[in-house]
Amino acid sequence: MRDFFYTFKPVFRAIAILFFLLPVIGLSQNFTISGYVKDKANGESAVGANVYVKESMTGTSTNAYGFFSLTLPQGKYTLVCSYIGYNTFTDTLELNKNISKTISLSPQGKDLAEVEITSEKTDANVQSTQMSSVQLDMAQIKKLPAFMGEVDILKSIQLIPGVKSAGDGNSGFYVRGGGPDQNLILLDEATVYNASHLLGFFSVFNGDAIKNVTLIKGGMPAQYGGRLASVLDISMKEGNSQKFQVDGGIGFISSRLTIQGPIKKDKASFIISARRTYLDVLSKPFFKYIKPNSDFKGSSYFFYDLNAKLNWQISNKDKLFFSSYFGRDVFKFKDDESDFGVKVPWGNATACLRWNHLYNSKLFSNVSLVYTNYDFSFTAEQSNFELTIFSGIRDWNAKYDLVYIPNPRHNVKVGLNYIYHTFTPSNVSAKQGETTFNFGQIIRLYSHEAAAYISDDWEIAPRLKVNAGLRFSYFAQVGPFTRYQKDQFGKTIDTVIYSKGKKVTDYNGLEPRASVRYNLTKTMSVKASYTHNYQYIHLASISSVSLPTDVWMPCTELIKPQIGDQYALGVFKNFKKDMYESSVEVYYKTMKNQIDYKEGAEPQDNVFDNPDNAFTYGKGEAYGIEFFFKNRTGKLTGWVGYTLS
């Protein structure tokens, strides 16, 4: 890491100077109105609410935390805030100084106890620079047909053009020809490495705890990185800050319970949501009735999830969030007749601590500390012999992001990100009675990943808007590590030992991103985008089903970074006052340094060897056209999509 910081010291110095200068850049005689938009009924922040002044129709949208900022010349204005499912907020104000304001929106309809909100403006698909992106609220997702009564986010996004299922019994998905590992899945900024329950029939996301979902298939903004294909950004609910609320449900195979409420009204709130299947409980009396002395009476399967989130508004300028997720699948098979048993536990754990700070009315920051862990194991037992295969990945992540809004035409974002990875590729252990077999030390691979980015969403002219960004990424594998050098027959002829923290190899690259929107009319636009991405971690699979043989691997001396380029062009058109939206997009992408297991590779090949010796590499390309039509409002809503790729 010392070599890394020394090499790129000028880059970080320039970014640091920019961080200090941003609060004072763009000071003028104009004044700024800024603040937050929230749901009056439960205090949830309103993401993507439309805030504008009536006189000039100059406006903006709230960010992921409900924050907005508008800089205007001195004068008298009518401020309007609109949001689907809510009464429009209107206020007249005299702008002769900077104003901070919290807008509370009331749900439409007196008889509605709860109203789910959507996270986009009605014409966002036409007016924004972002293309190849879809936002879904949980109200939409819950209306879709559900397998065994379980609402599933991953199954829902597979109905979107350009997204294809990885197959029955697998929750992985392919986006525009990319592999399942090329999708960055985030739950409140924490990476989820395996998003499946029941070997892929269900996802790990409990719909009762989720607020909104955004899928980006192309034109990936500079703040996202580390993957080639897509970003699936999922946000959890913050908890009702007005009153206590208990929700639950009993399904065909699982039940769920959600508790939320204020810790201190309008200041702090919490939400806890749990879900558990009871196939194991239901099956026991059934098998006992069919065959009281069944040889399989010790067999069972169940999974469970626990989501929790706390938020505390310390002051008008500071807010803390803590969110976490823990989920587990537990499969057990027992055959008493042959004295044979199998245990397959796997699961994820995430935790994220975030601090929002408002430096001034134009500058908003977010600091995040994130922990992610995923582990998977397979244990087979017979008589007194036991064999275990296990793998996993653990991350410690720190992020710092700044959003600077000098005026409604500019939205500048800069940030830094650092991740410390610990990879545990497929390892093997075995014992018989008191005898433990020697398979060498547990293989763990360590690496640093860092990135810095800057982007500007800039409305150059009323018809022309550009989002340009640049991301610099760096990756280094470090010790402790032992490299086994082999001859042509696979026999070890030498070893090279790297001490703790010693650099083994490193990679870096610049990742330019750009998207352009040009308005043909008020309801029709043309967009184009280009993204260049590096991916430094890889998933290699021996089989098509999620087993311990699916391992996450870092870049090494043998494994090079995956590199992807994607070009996209689209036409977007709305009809009947944005009641209907439609789009046609074409794309072309290339992928280098793709990874897969060599033919005949087995997990036990890692014993006294390096895991990267088992892989082979290639390249790929993908191209296609996507059609999308959506009915947003009315008694009949939904969408139709078609993909040729």
# chains A, B, ... in the order shown; residues from 1 in each chain; ligands from 1

call {"tool": "residues_around", "arguments": {"residues": "Asn316 (chain A)", "least_positions_apart": "3", "cutoff": "10 Å", "atoms": "only C-alpha atoms", "output": "tab-separated table (two decimals) with C-alpha atoms, in the first residue's frame"}}
result
chain	number	residue	atom	x	y	z
A	35	GLY	CA	-33.39	20.89	2.81
A	36	TYR	CA	-35.06	17.50	2.98
A	100	SER	CA	-33.08	25.66	5.00
A	101	LYS	CA	-36.46	23.91	4.80
A	102	THR	CA	-37.91	20.50	5.56
A	313	GLN	CA	-31.03	13.02	13.23
A	319	LYS	CA	-27.71	12.36	10.50
A	357	HIS	CA	-23.26	15.91	6.92
A	358	LEU	CA	-24.44	19.17	5.36

call {"tool": "residues_around", "arguments": {"residues": "Asp329 (chain A)", "least_positions_apart": "6", "cutoff": "7 Å", "atoms": "only C-alpha atoms", "output": "JSON, numbers by chain"}}
result
{"A": [197, 302, 303, 304, 345, 346, 347]}

call {"tool": "closest_atom_pairs", "arguments": {"of": "region 169-231 of chain A", "to": "region 437-452 of chain A", "cutoff": "10 Å", "atoms": "only C-alpha atoms", "output": "CSV"}}
result
residue,atom,partner,partner_atom,distance
A:Ala222,CA,A:Ala452,CA,9.1
A:Gln223,CA,A:Ala452,CA,8.5
A:Tyr224,CA,A:Ala451,CA,9.8
A:Gly225,CA,A:Ala451,CA,8.3
A:Gly226,CA,A:Glu449,CA,9.1

call {"tool": "write_last_selection", "arguments": {"atoms": "all heavy atoms", "output": "PDB file, in the first residue's frame"}}
result
ATOM      1  N   ALA A 222     -20.009   7.300 -12.269  1.00  0.00           N
ATOM      2  CA  ALA A 222     -18.630   7.094 -11.812  1.00  0.00           C
ATOM      3  C   ALA A 222     -18.540   6.658 -10.360  1.00  0.00           C
ATOM      4  O   ALA A 222     -17.511   6.111  -9.944  1.00  0.00           O
ATOM      5  CB  ALA A 222     -17.818   8.373 -12.027  1.00  0.00           C
ATOM      6  N   GLN A 223     -19.592   6.900  -9.544  1.00  0.00           N
ATOM      7  CA  GLN A 223     -19.500   6.492  -8.139  1.00  0.00           C
ATOM      8  C   GLN A 223     -19.588   4.983  -7.957  1.00  0.00           C
ATOM      9  O   GLN A 223     -19.284   4.465  -6.890  1.00  0.00           O
ATOM     10  CB  GLN A 223     -20.575   7.175  -7.288  1.00  0.00           C
ATOM     11  CG  GLN A 223     -22.009   6.784  -7.597  1.00  0.00           C
ATOM     12  CD  GLN A 223     -22.684   7.779  -8.513  1.00  0.00           C
ATOM     13  OE1 GLN A 223     -22.054   8.362  -9.388  1.00  0.00           O
ATOM     14  NE2 GLN A 223     -23.973   7.985  -8.309  1.00  0.00           N
ATOM     15  N   TYR A 224     -20.016   4.275  -9.000  1.00  0.00           N
ATOM     16  CA  TYR A 224     -20.073   2.816  -8.944  1.00  0.00           C
ATOM     17  C   TYR A 224     -18.882   2.232  -9.700  1.00  0.00           C
ATOM     18  O   TYR A 224     -18.483   2.741 -10.744  1.00  0.00           O
ATOM     19  CB  TYR A 224     -21.355   2.298  -9.578  1.00  0.00           C
ATOM     20  CG  TYR A 224     -22.625   2.745  -8.887  1.00  0.00           C
ATOM     21  CD1 TYR A 224     -23.479   3.662  -9.496  1.00  0.00           C
ATOM     22  CD2 TYR A 224     -22.979   2.242  -7.641  1.00  0.00           C
ATOM     23  CE1 TYR A 224     -24.659   4.067  -8.877  1.00  0.00           C
ATOM     24  CE2 TYR A 224     -24.158   2.644  -7.013  1.00  0.00           C
ATOM     25  CZ  TYR A 224     -24.987   3.562  -7.637  1.00  0.00           C
ATOM     26  OH  TYR A 224     -26.148   3.959  -7.023  1.00  0.00           O
ATOM     27  N   GLY A 225     -18.354   1.133  -9.197  1.00  0.00           N
ATOM     28  CA  GLY A 225     -17.239   0.498  -9.876  1.00  0.00           C
ATOM     29  C   GLY A 225     -17.040  -0.927  -9.402  1.00  0.00           C
ATOM     30  O   GLY A 225     -17.735  -1.429  -8.514  1.00  0.00           O
ATOM     31  N   GLY A 226     -16.069  -1.599 -10.011  1.00  0.00           N
ATOM     32  CA  GLY A 226     -15.733  -2.952  -9.605  1.00  0.00           C
ATOM     33  C   GLY A 226     -16.490  -4.048 -10.315  1.00  0.00           C
ATOM     34  O   GLY A 226     -16.241  -5.221 -10.061  1.00  0.00           O
TER      35      GLY A 226
END

call {"tool": "atom_distance", "arguments": {"atom1": "CA of Val204 (chain A)", "atom2": "CA of Leu306 (chain A)"}}
result
9.8 Å

call {"tool": "select_by_dssp", "arguments": {"residues": "region 481-560 of chain A", "states": "strand (DSSP E or B)", "output": "ChimeraX atom specification"}}
result
/A:481-486,492-498,503-521,524-535,537-540,551-554

call {"tool": "write_last_selection", "arguments": {"atoms": "N, CA and C atoms", "output": "compact mmCIF listing (two decimals), in the first residue's frame"}}
result
# COMPACT_ATOMS: atom_id res chain seq x y z
N PHE A 481 1.44 -14.91 1.48
CA PHE A 481 1.09 -15.69 0.30
C PHE A 481 2.27 -16.55 -0.10
N THR A 482 1.97 -17.77 -0.54
CA THR A 482 3.00 -18.68 -1.03
C THR A 482 2.69 -19.06 -2.47
N ARG A 483 3.61 -18.78 -3.36
CA ARG A 483 3.45 -19.13 -4.77
C ARG A 483 4.17 -20.45 -5.03
N TYR A 484 3.40 -21.47 -5.50
CA TYR A 484 3.98 -22.76 -5.85
C TYR A 484 4.33 -22.75 -7.34
N GLN A 485 5.57 -22.87 -7.66
CA GLN A 485 6.01 -22.89 -9.05
C GLN A 485 6.09 -24.34 -9.54
N LYS A 486 5.42 -24.60 -10.67
CA LYS A 486 5.26 -25.96 -11.16
C LYS A 486 6.06 -26.17 -12.45
N THR A 492 5.66 -29.53 -8.07
CA THR A 492 6.22 -28.32 -7.46
C THR A 492 7.74 -28.38 -7.48
N ILE A 493 8.37 -27.36 -8.08
CA ILE A 493 9.82 -27.31 -8.17
C ILE A 493 10.41 -26.19 -7.31
N ASP A 494 9.56 -25.24 -6.88
CA ASP A 494 10.05 -24.15 -6.04
C ASP A 494 8.86 -23.44 -5.41
N THR A 495 9.13 -22.70 -4.33
CA THR A 495 8.09 -21.88 -3.70
C THR A 495 8.65 -20.49 -3.44
N VAL A 496 7.79 -19.50 -3.60
CA VAL A 496 8.14 -18.11 -3.28
C VAL A 496 7.20 -17.65 -2.18
N ILE A 497 7.76 -17.20 -1.06
CA ILE A 497 6.96 -16.83 0.10
C ILE A 497 6.96 -15.31 0.26
N TYR A 498 5.75 -14.74 0.34
CA TYR A 498 5.58 -13.30 0.56
C TYR A 498 5.12 -13.09 2.00
N LYS A 503 3.63 -6.68 -1.15
CA LYS A 503 2.89 -6.67 -2.41
C LYS A 503 3.31 -7.84 -3.28
N VAL A 504 2.31 -8.59 -3.77
CA VAL A 504 2.55 -9.69 -4.68
C VAL A 504 2.46 -9.20 -6.12
N THR A 505 1.37 -8.49 -6.42
CA THR A 505 1.18 -7.89 -7.74
C THR A 505 0.13 -6.80 -7.63
N ASP A 506 0.09 -5.88 -8.58
CA ASP A 506 -0.93 -4.83 -8.54
C ASP A 506 -1.35 -4.43 -9.94
N TYR A 507 -2.53 -3.80 -10.02
CA TYR A 507 -3.11 -3.33 -11.28
C TYR A 507 -3.80 -2.00 -11.03
N ASN A 508 -3.94 -1.21 -12.07
CA ASN A 508 -4.69 0.04 -11.95
C ASN A 508 -5.20 0.45 -13.32
N GLY A 509 -6.13 1.38 -13.35
CA GLY A 509 -6.66 1.84 -14.62
C GLY A 509 -7.59 3.03 -14.47
N LEU A 510 -7.71 3.82 -15.51
CA LEU A 510 -8.65 4.93 -15.59
C LEU A 510 -9.94 4.43 -16.24
N GLU A 511 -11.07 4.83 -15.69
CA GLU A 511 -12.37 4.37 -16.17
C GLU A 511 -13.24 5.57 -16.54
N PRO A 512 -13.17 6.03 -17.79
CA PRO A 512 -14.02 7.15 -18.21
C PRO A 512 -15.47 6.71 -18.37
N ARG A 513 -16.40 7.59 -18.02
CA ARG A 513 -17.83 7.35 -18.17
C ARG A 513 -18.46 8.60 -18.77
N ALA A 514 -19.39 8.45 -19.67
CA ALA A 514 -20.08 9.61 -20.23
C ALA A 514 -21.45 9.20 -20.74
N SER A 515 -22.43 10.06 -20.53
CA SER A 515 -23.76 9.89 -21.11
C SER A 515 -24.29 11.26 -21.50
N VAL A 516 -25.03 11.28 -22.61
CA VAL A 516 -25.52 12.53 -23.18
C VAL A 516 -27.01 12.39 -23.45
N ARG A 517 -27.78 13.43 -23.10
CA ARG A 517 -29.21 13.48 -23.41
C ARG A 517 -29.51 14.72 -24.25
N TYR A 518 -30.22 14.51 -25.37
CA TYR A 518 -30.63 15.64 -26.20
C TYR A 518 -32.15 15.55 -26.40
N ASN A 519 -32.86 16.61 -26.01
CA ASN A 519 -34.31 16.65 -26.12
C ASN A 519 -34.73 17.02 -27.54
N LEU A 520 -35.48 16.14 -28.19
CA LEU A 520 -36.07 16.45 -29.49
C LEU A 520 -37.34 17.28 -29.30
N THR A 521 -38.13 16.90 -28.29
CA THR A 521 -39.32 17.66 -27.88
C THR A 521 -39.37 17.59 -26.36
N MET A 524 -39.77 13.81 -25.66
CA MET A 524 -38.96 12.84 -26.41
C MET A 524 -37.50 13.25 -26.39
N SER A 525 -36.62 12.29 -26.16
CA SER A 525 -35.19 12.57 -26.12
C SER A 525 -34.39 11.42 -26.71
N VAL A 526 -33.16 11.74 -27.10
CA VAL A 526 -32.19 10.75 -27.58
C VAL A 526 -31.03 10.74 -26.59
N LYS A 527 -30.58 9.54 -26.20
CA LYS A 527 -29.47 9.42 -25.25
C LYS A 527 -28.40 8.49 -25.80
N ALA A 528 -27.17 8.77 -25.42
CA ALA A 528 -26.04 7.91 -25.77
C ALA A 528 -25.12 7.81 -24.55
N SER A 529 -24.48 6.66 -24.37
CA SER A 529 -23.59 6.49 -23.22
C SER A 529 -22.41 5.60 -23.58
N TYR A 530 -21.32 5.81 -22.83
CA TYR A 530 -20.13 4.97 -22.95
C TYR A 530 -19.56 4.75 -21.55
N THR A 531 -19.22 3.51 -21.25
CA THR A 531 -18.59 3.19 -19.96
C THR A 531 -17.40 2.26 -20.18
N HIS A 532 -16.35 2.50 -19.41
CA HIS A 532 -15.15 1.67 -19.42
C HIS A 532 -14.93 1.21 -17.98
N ASN A 533 -14.97 -0.10 -17.73
CA ASN A 533 -14.94 -0.63 -16.38
C ASN A 533 -13.82 -1.64 -16.19
N TYR A 534 -13.29 -1.66 -14.96
CA TYR A 534 -12.35 -2.70 -14.52
C TYR A 534 -13.02 -3.50 -13.41
N GLN A 535 -12.80 -4.81 -13.43
CA GLN A 535 -13.30 -5.69 -12.38
C GLN A 535 -12.15 -6.54 -11.86
N ILE A 537 -12.26 -8.63 -8.97
CA ILE A 537 -12.61 -9.88 -8.30
C ILE A 537 -13.53 -10.69 -9.21
N HIS A 538 -13.47 -12.01 -9.10
CA HIS A 538 -14.09 -12.89 -10.08
C HIS A 538 -14.76 -14.06 -9.39
N LEU A 539 -15.85 -14.54 -9.99
CA LEU A 539 -16.53 -15.73 -9.52
C LEU A 539 -16.38 -16.82 -10.56
N ALA A 540 -15.83 -17.95 -10.15
CA ALA A 540 -15.66 -19.08 -11.06
C ALA A 540 -16.49 -20.25 -10.54
N VAL A 551 -16.36 -20.07 -6.30
CA VAL A 551 -15.43 -19.35 -5.44
C VAL A 551 -15.16 -17.96 -6.00
N TRP A 552 -15.05 -17.01 -5.07
CA TRP A 552 -14.62 -15.66 -5.42
C TRP A 552 -13.10 -15.61 -5.35
N MET A 553 -12.51 -15.07 -6.40
CA MET A 553 -11.06 -14.99 -6.50
C MET A 553 -10.63 -13.57 -6.83
N PRO A 554 -9.49 -13.12 -6.25
CA PRO A 554 -8.97 -11.80 -6.61
C PRO A 554 -8.06 -11.89 -7.82
